[in-house]
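Peer 1: Pasting data_22.txt below, which is compact mmCIF, C-alpha atoms.
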# COMPACT_ATOMS: atom_id res chain seq x y z
CA MET Y 1385 13.37 -1.22 14.56
CA GLU Y 1386 14.60 -4.07 16.68
CA PHE Y 1387 16.56 -7.11 15.61
CA ILE Y 1388 14.43 -10.25 15.68
CA ASP Y 1389 16.15 -13.41 16.82
CA TYR Y 1390 14.54 -15.99 14.54
CA TYR Y 1391 16.49 -18.83 16.15
CA LYS Y 1392 15.14 -17.90 19.54
CA LEU Y 1393 11.63 -17.70 18.14
CA LEU Y 1394 11.92 -21.24 16.83
CA GLU Y 1395 13.67 -22.34 20.04
CA LEU Y 1396 16.77 -23.37 18.14
CA ASP Y 1397 20.48 -22.61 18.21
CA LYS Y 1398 22.46 -21.33 15.28
CA SER Y 1399 23.79 -24.75 14.32
CA ALA Y 1400 20.25 -26.12 13.75
CA SER Y 1401 19.88 -28.30 10.68
CA GLN Y 1402 17.04 -27.92 8.18
CA ALA Y 1403 15.43 -30.97 9.78
CA ASP Y 1404 15.62 -29.30 13.21
CA ILE Y 1405 14.06 -26.13 11.80
CA LYS Y 1406 11.26 -28.05 10.16
CA LYS Y 1407 10.59 -30.07 13.30
CA SER Y 1408 10.57 -27.08 15.61
CA TYR Y 1409 8.44 -25.04 13.24
CA ARG Y 1410 5.86 -27.81 12.99
CA LYS Y 1411 5.73 -28.17 16.73
CA LEU Y 1412 5.23 -24.47 17.30
CA ALA Y 1413 2.82 -24.09 14.37
CA ARG Y 1414 0.60 -26.77 15.89
CA LYS Y 1415 0.67 -24.89 19.15
CA TYR Y 1416 -0.09 -21.44 17.79
CA HIS Y 1417 -2.03 -22.07 14.58
CA PRO Y 1418 -4.96 -19.60 14.52
CA ASP Y 1419 -7.38 -22.35 13.57
CA LEU Y 1420 -6.54 -24.00 16.87
CA ASN Y 1421 -6.62 -20.77 18.85
CA PRO Y 1422 -9.82 -18.98 17.88
CA ASN Y 1423 -10.16 -15.41 19.16
CA ASN Y 1424 -6.65 -15.51 20.54
CA LYS Y 1425 -4.77 -12.52 19.19
CA GLU Y 1426 -1.60 -13.41 21.09
CA ALA Y 1427 -1.45 -16.84 19.46
CA GLN Y 1428 -2.05 -15.29 16.06
CA ALA Y 1429 0.78 -12.80 16.58
CA LYS Y 1430 3.08 -15.58 17.76
CA PHE Y 1431 2.12 -17.70 14.76
CA GLN Y 1432 2.99 -14.85 12.43
CA GLN Y 1433 6.37 -14.49 14.10
CA ILE Y 1434 7.26 -18.18 13.83
CA ASN Y 1435 6.02 -18.18 10.24
CA GLU Y 1436 8.39 -15.34 9.48
CA ALA Y 1437 11.25 -17.08 11.29
CA HIS Y 1438 10.58 -20.22 9.27
CA GLU Y 1439 10.39 -18.22 6.07
CA VAL Y 1440 13.92 -16.97 6.68
CA LEU Y 1441 15.62 -19.97 8.26
CA SER Y 1442 14.20 -22.58 5.90
CA ASP Y 1443 15.52 -20.69 2.89
CA PRO Y 1444 19.30 -21.24 2.64
CA GLU Y 1445 19.93 -17.89 0.97
CA LYS Y 1446 17.88 -15.88 3.39
CA ARG Y 1447 19.35 -17.75 6.30
CA LYS Y 1448 22.86 -17.08 4.99
CA LYS Y 1449 22.18 -13.39 4.79
CA TYR Y 1450 20.53 -13.36 8.18
CA ASP Y 1451 23.43 -15.27 9.77
CA GLN Y 1452 26.02 -13.17 8.02
CA TYR Y 1453 24.82 -9.82 9.19
CA GLY Y 1454 22.99 -10.68 12.36
CA LYS Y 1455 22.56 -7.65 14.51
CA ASP Y 1456 24.31 -5.50 11.89
CA TRP Y 1457 21.47 -6.24 9.48
CA GLU Y 1458 20.75 -2.54 9.09
CA HIS Y 1459 24.06 -2.14 7.25
CA ALA Y 1460 23.63 -5.27 5.13
CA GLU Y 1461 22.91 -3.36 1.95
CA GLN Y 1462 25.97 -1.13 2.41
CA TYR Y 1463 28.19 -4.17 2.96
CA GLU Y 1464 26.82 -5.79 -0.14
CA GLU Y 1465 27.30 -2.66 -2.21
CA ALA Y 1466 30.92 -2.44 -1.08
CA ARG Y 1467 31.43 -6.09 -1.86
CA ARG Y 1468 29.94 -5.70 -5.33
CA HIS Y 1469 32.33 -2.82 -6.06
CA GLN Y 1470 35.28 -4.86 -4.83
CA GLN Y 1471 34.37 -7.82 -7.00
CA THR Y 1472 33.81 -5.67 -10.10
CA ALA Y 1473 37.14 -3.92 -9.59
CA GLY Y 1474 38.91 -7.24 -9.25
CA GLY Y 1475 37.36 -8.52 -12.46
CA ALA Y 1476 35.45 -11.24 -10.68
CA GLY Y 1477 32.29 -10.42 -12.61
CA GLY Y 1478 28.82 -11.60 -11.79
CA GLY Y 1479 28.54 -9.80 -8.50
CA PHE Y 1480 26.31 -10.72 -5.71
CA GLY Y 1481 23.18 -12.47 -6.72
CA GLY Y 1482 20.87 -10.48 -4.56
CA PHE Y 1483 17.85 -11.85 -2.84
CA GLU Y 1484 15.19 -12.01 -5.43
CA GLY Y 1485 13.78 -14.97 -7.23
CA TYR Y 1486 13.49 -17.55 -4.50
CA GLY Y 1487 11.61 -19.84 -6.80
CA ASP Y 1488 7.95 -20.54 -7.01
CA PRO Y 1489 6.65 -20.28 -3.48
CA ARG Y 1490 3.86 -22.68 -4.28
CA GLN Y 1491 6.46 -25.38 -4.71
CA ARG Y 1492 7.57 -25.03 -1.14
CA ALA Y 1493 6.49 -27.35 1.55
CA HIS Y 1494 4.51 -26.40 4.65
CA SER Y 1495 2.96 -23.25 3.32
CA TYR Y 1496 0.30 -21.88 5.62
CA SER Y 1497 -2.56 -20.44 3.71
CA GLY Y 1498 -4.98 -19.74 6.48
CA ASN Y 1499 -7.66 -17.17 6.30
CA PHE Y 1500 -5.55 -14.65 8.14
CA ASP Y 1501 -4.13 -11.25 7.46
CA GLU Y 1502 -1.66 -11.38 4.66
CA ASP Y 1503 0.19 -8.48 6.12
CA THR Y 1504 2.11 -10.77 8.40
CA PHE Y 1505 5.73 -9.82 7.99
CA SER Y 1506 7.57 -7.54 10.35
CA ASP Y 1507 9.27 -4.30 9.36
CA PHE Y 1508 12.53 -6.02 10.24
CA PHE Y 1509 11.82 -8.72 7.64
CA GLU Y 1510 10.96 -6.16 4.99
CA GLN Y 1511 14.00 -4.07 5.71
CA MET Y 1512 16.31 -7.04 5.49
CA PHE Y 1513 14.82 -8.97 2.61
CA GLY Y 1514 12.88 -6.32 0.73
CA SER Y 1515 9.23 -6.15 -0.14
CA SER Y 1516 9.63 -8.72 -2.92
CA ALA Y 1517 10.31 -11.32 -0.26
CA ARG Y 1518 7.04 -10.42 1.38
CA ALA Y 1519 5.27 -11.29 -1.85
CA HIS Y 1520 6.93 -14.66 -1.70
CA GLY Y 1521 6.06 -14.98 1.92
CA SER Y 1522 2.33 -14.71 1.52
CA ARG Y 1523 1.70 -17.93 -0.28
CA ARG Y 1524 -2.03 -18.15 -0.36
CA GLN Y 1525 -3.65 -20.70 -2.50
CA ARG Y 1526 -6.69 -20.12 -4.62
CA HIS Y 1527 -9.85 -19.97 -2.61
CA PHE Y 1528 -13.45 -19.71 -3.56
CA LYS Y 1529 -14.44 -17.52 -0.73
CA GLY Y 1530 -12.76 -14.24 0.06
CA GLN Y 1531 -11.08 -13.48 3.33
CA ASP Y 1532 -13.25 -12.90 6.38
CA TYR Y 1533 -12.71 -9.54 8.02
CA ASN Y 1534 -12.91 -8.91 11.75
CA ALA Y 1535 -13.68 -5.53 13.24
CA GLU Y 1536 -14.43 -4.17 16.69
CA LEU Y 1537 -17.05 -1.50 17.18
CA GLU Y 1538 -17.20 0.52 20.37
CA LEU Y 1539 -20.60 1.83 21.37
CA ASN Y 1540 -22.08 3.38 24.47
CA LEU Y 1541 -24.77 1.50 26.34
CA ARG Y 1542 -27.22 4.27 25.49
CA ASP Y 1543 -26.45 3.81 21.78
CA VAL Y 1544 -27.66 0.22 21.79
CA TYR Y 1545 -30.88 0.97 23.66
CA THR Y 1546 -32.45 1.59 20.28
CA SER Y 1547 -31.72 0.05 16.89
CA GLN Y 1548 -29.58 2.35 14.90
CA LYS Y 1549 -28.12 2.70 11.48
CA GLN Y 1550 -24.39 3.21 11.20
CA THR Y 1551 -22.08 3.57 8.27
CA LEU Y 1552 -18.77 1.82 8.68
CA THR Y 1553 -15.79 2.21 6.40
CA ILE Y 1554 -14.11 -1.13 5.85
CA ASN Y 1555 -11.15 -1.14 3.48
CA GLY Y 1556 -12.31 2.13 1.95
CA LYS Y 1557 -15.80 0.88 1.33
CA ASN Y 1558 -18.83 2.27 3.15
CA ILE Y 1559 -21.12 -0.33 4.66
CA ARG Y 1560 -24.51 0.69 5.95
CA LEU Y 1561 -25.39 -1.35 8.94
CA THR Y 1562 -28.39 -1.62 11.23
CA ILE Y 1563 -27.35 -2.51 14.74
CA PRO Y 1564 -30.27 -4.15 16.50
CA ALA Y 1565 -31.19 -2.75 19.90
CA GLY Y 1566 -30.09 -4.89 22.82
CA VAL Y 1567 -26.79 -6.08 21.37
CA GLU Y 1568 -24.50 -7.37 24.13
CA ASN Y 1569 -20.96 -6.56 25.12
CA GLY Y 1570 -18.62 -9.00 23.36
CA GLN Y 1571 -21.30 -10.16 20.95
CA THR Y 1572 -20.18 -10.78 17.39
CA ILE Y 1573 -22.44 -10.40 14.40
CA LYS Y 1574 -21.72 -11.68 10.94
CA ILE Y 1575 -22.41 -9.57 7.89
CA LYS Y 1576 -22.44 -11.90 4.98
CA GLY Y 1577 -20.54 -10.94 1.87
CA HIS Y 1578 -18.74 -7.88 3.23
CA GLY Y 1579 -15.34 -9.51 3.64
CA GLY Y 1580 -12.58 -9.77 1.06
CA PRO Y 1581 -13.40 -10.43 -2.60
CA GLY Y 1582 -13.77 -14.03 -3.71
CA VAL Y 1583 -11.33 -15.67 -6.07
CA GLN Y 1584 -12.36 -16.64 -9.55
CA GLY Y 1585 -15.97 -15.72 -9.16
CA GLY Y 1586 -16.28 -17.10 -5.67
CA PRO Y 1587 -18.36 -15.38 -2.99
CA ARG Y 1588 -16.95 -12.59 -0.92
CA GLY Y 1589 -15.85 -13.35 2.62
CA ASP Y 1590 -17.88 -12.25 5.59
CA LEU Y 1591 -17.45 -9.36 7.96
CA TYR Y 1592 -17.51 -10.15 11.67
CA ILE Y 1593 -18.16 -7.23 13.98
CA THR Y 1594 -17.58 -7.62 17.70
CA PHE Y 1595 -19.28 -5.02 19.86
CA LYS Y 1596 -17.56 -3.43 22.79
CA ILE Y 1597 -20.26 -1.79 24.86
CA ILE Y 1598 -19.06 0.94 27.16
CA ASN Y 1599 -21.35 1.42 30.11
CA ASN Y 1600 -21.04 5.02 31.25
CA THR Y 1601 -24.43 5.05 32.98
CA THR Y 1602 -25.39 4.35 36.58
CA PHE Y 1603 -27.24 1.25 35.48
CA LYS Y 1604 -25.73 -2.23 35.55
CA ARG Y 1605 -26.85 -4.56 32.83
CA GLU Y 1606 -27.27 -8.30 32.62
CA LYS Y 1607 -28.70 -9.36 29.29
CA GLU Y 1608 -32.01 -7.48 29.03
CA ASN Y 1609 -32.33 -6.62 32.71
CA LEU Y 1610 -31.05 -3.42 34.27
CA TYR Y 1611 -30.10 -2.81 37.87
CA SER Y 1612 -29.70 0.43 39.77
CA THR Y 1613 -29.46 1.65 43.33
CA VAL Y 1614 -31.60 4.56 44.49
CA ASN Y 1615 -31.05 6.48 47.70
CA ILE Y 1616 -34.16 7.26 49.79
CA ASN Y 1617 -34.28 9.21 53.02
CA LEU Y 1618 -35.10 7.66 56.36
CA TYR Y 1619 -38.52 9.26 56.61
CA THR Y 1620 -39.69 8.03 53.19
CA ALA Y 1621 -38.39 4.60 54.10
CA MET Y 1622 -40.23 4.61 57.44
CA LEU Y 1623 -43.48 6.27 56.43
CA GLY Y 1624 -43.63 5.53 52.71
CA GLY Y 1625 -43.99 8.09 49.97
CA GLU Y 1626 -43.43 8.82 46.34
CA ILE Y 1627 -40.05 9.22 44.67
CA THR Y 1628 -38.93 9.91 41.11
CA VAL Y 1629 -36.41 7.49 39.62
CA ASP Y 1630 -34.44 7.48 36.37
CA THR Y 1631 -35.03 4.75 33.85
CA PHE Y 1632 -33.53 4.38 30.39
CA SER Y 1633 -36.71 5.71 28.84
CA GLY Y 1634 -37.10 8.67 31.19
CA LYS Y 1635 -38.16 9.46 34.74
CA VAL Y 1636 -40.92 7.52 36.46
CA LYS Y 1637 -42.72 8.04 39.73
CA LEU Y 1638 -42.51 5.20 42.21
CA LYS Y 1639 -44.39 4.56 45.42
CA VAL Y 1640 -42.26 3.49 48.35
CA LYS Y 1641 -44.02 1.28 50.86
CA PRO Y 1642 -43.94 2.26 54.54
CA GLU Y 1643 -41.23 0.49 56.60
CA THR Y 1644 -39.03 -0.19 53.60
CA GLN Y 1645 -35.72 -1.72 54.62
CA SER Y 1646 -32.39 -0.70 53.12
CA GLY Y 1647 -31.47 -3.20 50.41
CA THR Y 1648 -35.08 -3.85 49.41
CA ARG Y 1649 -35.33 -4.54 45.71
CA VAL Y 1650 -38.30 -3.63 43.54
CA LYS Y 1651 -38.94 -4.58 39.96
CA LEU Y 1652 -40.17 -2.17 37.30
CA LYS Y 1653 -41.54 -4.48 34.68
CA GLY Y 1654 -40.65 -3.66 31.09
CA LYS Y 1655 -38.32 -0.81 32.08
CA GLY Y 1656 -35.15 -2.73 31.35
CA PHE Y 1657 -33.16 -3.09 28.16
CA PRO Y 1658 -34.65 -4.13 24.81
CA LYS Y 1659 -34.51 -7.85 24.09
CA TYR Y 1660 -32.15 -8.54 21.21
CA LYS Y 1661 -34.03 -8.85 17.93
CA LYS Y 1662 -37.39 -8.97 19.71
CA GLU Y 1663 -39.25 -5.86 18.80
CA ASN Y 1664 -41.05 -4.00 21.58
CA GLN Y 1665 -39.98 -6.52 24.20
CA TYR Y 1666 -38.01 -5.25 27.13
CA GLY Y 1667 -36.41 -6.69 30.22
CA ASP Y 1668 -37.04 -5.36 33.71
CA LEU Y 1669 -35.41 -2.69 35.81
CA TYR Y 1670 -34.50 -3.76 39.34
CA ILE Y 1671 -34.13 -0.94 41.83
CA THR Y 1672 -32.42 -1.47 45.14
CA TYR Y 1673 -33.19 1.04 47.85
CA ASN Y 1674 -30.41 2.44 49.93
CA VAL Y 1675 -31.78 4.15 53.01
CA GLU Y 1676 -29.74 7.24 53.88
CA MET Y 1677 -29.39 8.00 57.56
CA PRO Y 1678 -29.69 11.65 58.56
CA THR Y 1679 -26.51 13.29 59.82
CA ASN Y 1680 -25.74 16.46 61.77
CA LEU Y 1681 -28.79 15.95 63.98
CA SER Y 1682 -30.06 18.98 65.86
CA ALA Y 1683 -30.75 18.82 69.60
CA LYS Y 1684 -34.46 18.66 68.86
CA GLU Y 1685 -34.02 15.75 66.41
CA LYS Y 1686 -31.89 13.86 68.89
CA GLU Y 1687 -34.55 14.36 71.52
CA LEU Y 1688 -37.25 13.07 69.22
CA PHE Y 1689 -35.18 10.01 68.27
CA ARG Y 1690 -34.67 9.27 71.97
CA GLU Y 1691 -38.42 9.50 72.42
CA LEU Y 1692 -38.83 6.99 69.61
CA GLN Y 1693 -36.18 4.77 71.14
CA LYS Y 1694 -38.04 4.75 74.45
CA LEU Y 1695 -41.24 3.76 72.70
CA ARG Y 1696 -39.51 0.78 71.05
CA SER Y 1697 -37.72 -0.50 74.17
CA MET R 464 -31.43 -26.13 -1.12
CA ASN R 465 -30.77 -24.23 -4.36
CA LEU R 466 -28.12 -25.56 -6.69
CA GLU R 467 -26.46 -22.17 -6.65
CA ASP R 468 -25.73 -22.72 -2.95
CA LEU R 469 -23.90 -25.95 -3.76
CA ILE R 470 -20.43 -26.53 -5.13
CA PRO R 471 -19.65 -29.83 -6.90
CA THR R 472 -17.07 -31.89 -5.00
CA GLU R 473 -15.04 -32.34 -8.23
CA GLU R 474 -14.64 -28.60 -8.47
CA ILE R 475 -13.58 -28.38 -4.86
CA CYS R 476 -10.98 -31.12 -5.41
CA MET R 477 -9.61 -29.24 -8.37
CA ARG R 478 -9.54 -25.80 -6.77
CA TYR R 479 -8.19 -26.85 -3.39
CA LYS R 480 -6.00 -29.64 -4.74
CA VAL R 481 -7.46 -32.26 -2.44
CA GLU R 482 -8.45 -35.88 -3.05
CA GLN R 483 -12.10 -36.84 -3.39
CA THR R 484 -11.46 -39.38 -0.61
CA PHE R 485 -10.54 -36.53 1.73
CA ILE R 486 -13.92 -34.89 1.21
CA SER R 487 -15.70 -38.24 1.57
CA SER R 488 -13.81 -38.98 4.79
CA LEU R 489 -14.74 -35.60 6.23
CA SER R 490 -18.35 -36.24 5.34
CA GLN R 491 -18.35 -39.78 6.77
CA SER R 492 -16.93 -38.48 10.03
CA GLY R 493 -19.67 -35.87 10.18
CA LEU R 494 -17.17 -33.03 9.95
CA ILE R 495 -18.78 -31.49 6.88
CA LYS R 496 -22.09 -32.00 5.16
CA ILE R 497 -22.32 -33.31 1.59
CA VAL R 498 -25.50 -33.08 -0.45
CA THR R 499 -26.28 -35.57 -3.22
CA VAL R 500 -28.40 -34.35 -6.13
CA GLU R 501 -29.04 -36.76 -8.98
CA LYS R 502 -25.99 -38.89 -8.16
CA SER R 503 -23.70 -35.84 -8.05
CA GLN R 504 -22.18 -34.75 -4.78
CA TYR R 505 -22.00 -31.17 -3.63
CA VAL R 506 -20.71 -29.20 -0.66
CA PRO R 507 -23.04 -26.42 0.49
CA THR R 508 -21.38 -22.98 0.34
CA ASP R 509 -21.99 -22.45 4.05
CA GLU R 510 -19.79 -25.50 4.75
CA ILE R 511 -16.84 -24.09 2.84
CA ALA R 512 -15.36 -22.19 5.79
CA ALA R 513 -15.37 -25.39 7.88
CA PHE R 514 -13.93 -27.34 4.98
CA GLU R 515 -11.13 -24.80 4.47
CA LYS R 516 -10.21 -24.97 8.13
CA LEU R 517 -10.10 -28.78 8.10
CA ARG R 518 -8.07 -28.75 4.90
CA ARG R 519 -5.53 -26.40 6.45
CA LEU R 520 -5.23 -28.52 9.57
CA HIS R 521 -4.86 -31.73 7.56
CA TYR R 522 -2.48 -30.60 4.85
CA GLU R 523 -0.53 -27.94 6.67
CA LEU R 524 -0.26 -29.42 10.13
CA ASN R 525 -0.40 -33.08 9.07
CA ILE R 526 -3.31 -33.82 11.36
CA ASN R 527 -5.07 -37.07 10.51
CA LEU R 528 -8.81 -37.62 10.42
CA GLU R 529 -9.06 -38.81 14.03
CA GLY R 530 -7.13 -35.73 15.07
CA LEU R 531 -9.48 -33.50 13.09
CA GLU R 532 -12.48 -35.05 14.84
CA ALA R 533 -10.89 -34.49 18.24
CA ILE R 534 -9.96 -30.91 17.33
CA GLN R 535 -13.44 -30.15 16.03
CA HIS R 536 -14.91 -31.45 19.27
CA LEU R 537 -12.50 -29.48 21.43
CA LEU R 538 -12.99 -26.30 19.39
CA ALA R 539 -16.75 -26.59 19.85
CA GLN R 540 -16.17 -26.91 23.59
CA LEU R 541 -13.78 -23.97 23.54
CA GLU R 542 -16.32 -21.84 21.70
CA GLU R 543 -18.97 -22.77 24.25
CA LEU R 544 -16.62 -21.92 27.11
CA GLN R 545 -15.66 -18.60 25.52
CA LEU R 546 -19.33 -17.73 25.21
CA GLN R 547 -19.93 -18.70 28.83
CA ASN R 548 -16.89 -16.71 29.89
CA ARG R 549 -18.17 -13.63 28.07
CA LYS R 550 -21.56 -13.95 29.74
CA LEU R 551 -19.98 -14.39 33.15
CA LYS R 552 -17.69 -11.39 32.59
CA ASN R 553 -20.70 -9.28 31.67
CA ARG R 554 -22.46 -10.54 34.77
CA LEU R 555 -19.46 -9.86 36.95
CA GLY R 556 -19.77 -6.23 35.89
CA LEU R 557 -22.87 -6.09 38.09
CA TYR R 558 -20.77 -6.48 41.22
CA GLU R 559 -17.84 -4.25 40.28
Represent the structure of the file as structure tokens.

Peer 2:
Amino acid sequence: MEFIDYYKLLELDKSASQADIKKSYRKLARKYHPDLNPNNKEAQAKFQQINEAHEVLSDPEKRKKYDQYGKDWEHAEQYEEARRHQQTAGGAGGGFGGFEGYGDPRQRAHSYSGNFDEDTFSDFFEQMFGSSARAHGSRRQRHFKGQDYNAELELNLRDVYTSQKQTLTINGKNIRLTIPAGVENGQTIKIKGHGGPGVQGGPRGDLYITFKIINNTTFKREKENLYSTVNINLYTAMLGGEITVDTFSGKVKLKVKPETQSGTRVKLKGKGFPKYKKENQYGDLYITYNVEMPTNLSAKEKELFRELQKLRS
Amino acid sequence: MNLEDLIPTEEICMRYKVEQTFISSLSQSGLIKIVTVEKSQYVPTDEIAAFEKLRRLHYELNINLEGLEAIQHLLAQLEELQLQNRKLKNRLGLYE
């Protein structure tokens, strides 16, 4: 576990006054507050760090302990134990007050009670100040609605070609979910009432699921349209013919027109991807022909090509 | 709208420890919607998330009403740009 320099996090030096700490914290909180940085995990992490730094440095007792032990924080408890023994032996009585009972956290100013993860304190913080401090740290106020949960679900492109039922386990609870066909990469859906429990009879929060669609097919996708490249030989391109191509719903036969150029694009109507939440409606599949030139020509082939060349010149 | 989808503003003031004037100001600025039923004012439950966000920004970051309006506007733009960015990234996949 690494030492966390709370002063550095708040861009302060060790002699900073409480006013300096408050000012710097406010400045940084405005910069990194998750409400002002939606979908920005880095900002959220940074916000949690500065929150933790503020939690320690704005509390004189915690700050004293932090300053006292600094990088030797891992031995703080041993030092304290030794000190307690020394004081008891010397008849000083009382001992060291410990680090519990920081007062009612609700009384403290600048408490952030956003709809974020409560689990926002580092292992370093816990190790140094104990888990009771964490309880003080998460100073959420009473809310009607429960916390919103965010989850990411990874699916293959083929999985979202059809609507499918999935069972997700969120916080130990199974949620049966129908994922509509045609869902897009990066799309977020809201499942009402599957977030954290509400407070005092309030509604539950919502569950937001963001889909990460892995495309491990040869098709490229843009919304409901699919794109693929199909190789055809020179003779089919020149004279026309019939080829078999793959689509998402199986193989189809396709007629190639004579004198087809490489790069020609044809559209297979309705052979694309399902339209999101539009039953039985599909996009199109665009096929681009790539004409393959023959290689390793025999003497006879070369002769025939020369014949053809003569005819064209 | 059903009454069960509405929360009286007095209750919101009590629970969230905010002034009635704060809710009225948010409503007057068009930041949240307030519904009046038989002279009583209510906030629809689907506005609560927006209200909570605005409350946090106001009370925790000391952002005044004009600031909240500007933030709301910029966040809407940001959301639109993020959506556009996602679509463009998906489209870019076609050429990779």

Peer 1: Given a cut-off of 6 Å, which residues of chain R touch chain Y, counting all atoms listed in the file, written out as a PyMOL selection string?

Peer 2: chain R and resi 523+554+557

Peer 1: Could you check how far atom CA of Y:Gly1579 sits from atom CA of Y:Gly1556, in Å to one decimal?

Peer 2: 12.1 Å

Peer 1: So that I can check the surroundings of Y:Gly1647, please list as a list in words every protein, DNA and RNA residue that reaches within 12 Å of it, counting all atoms listed in the file and ignoring chain neighbours fewer than 2 positions away.

Peer 2: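 Near Y:Gly1647, the qualifying residues are Ser1612, Thr1613, Val1614, Asn1615, Ile1616, Ala1621, Thr1644, Gln1645, Arg1649, Val1650, Tyr1670, Ile1671, Thr1672, Tyr1673, Asn1674, Val1675 and Glu1676 of chain Y.
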
Peer 1: Please indicate the distance in Å from atom CA of R:Pro507 to atom CA of R:Ile470, rounded to one decimal place.

Peer 2: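 Here the two named atoms are 6.2 Å from each other.
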
Peer 1: Which residues are near stretch 496-503 of chain R? Cut-off 8 Å, only C-alpha atoms, ignore same chain within fewer than 6 positions. Put them as a VMD selection string.

Peer 2: chain R and resid 471 490 510

Peer 1: With a distance cut-off of 10 Å and all atoms listed in the file, select the neighbouring residues of Y:Tyr1409, excluding the residue or stretch itself and same-chain residues fewer than 6 positions from it, and output the selection as a list in words.

Peer 2: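 So, after excluding close chain neighbours, the residues are Leu1393, Leu1394, Glu1395, Leu1396, Ala1403, Lys1415, Phe1431, Ile1434, Asn1435, Ala1437, His1438, Ser1442 and His1494 of chain Y.
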
Peer 1: By how many Å are atom CA of Y:Tyr1660 and atom CA of Y:Gly1566 apart?

Peer 2: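 Atom CA of Y:Tyr1660 sits 4.5 Å away from atom CA of Y:Gly1566.
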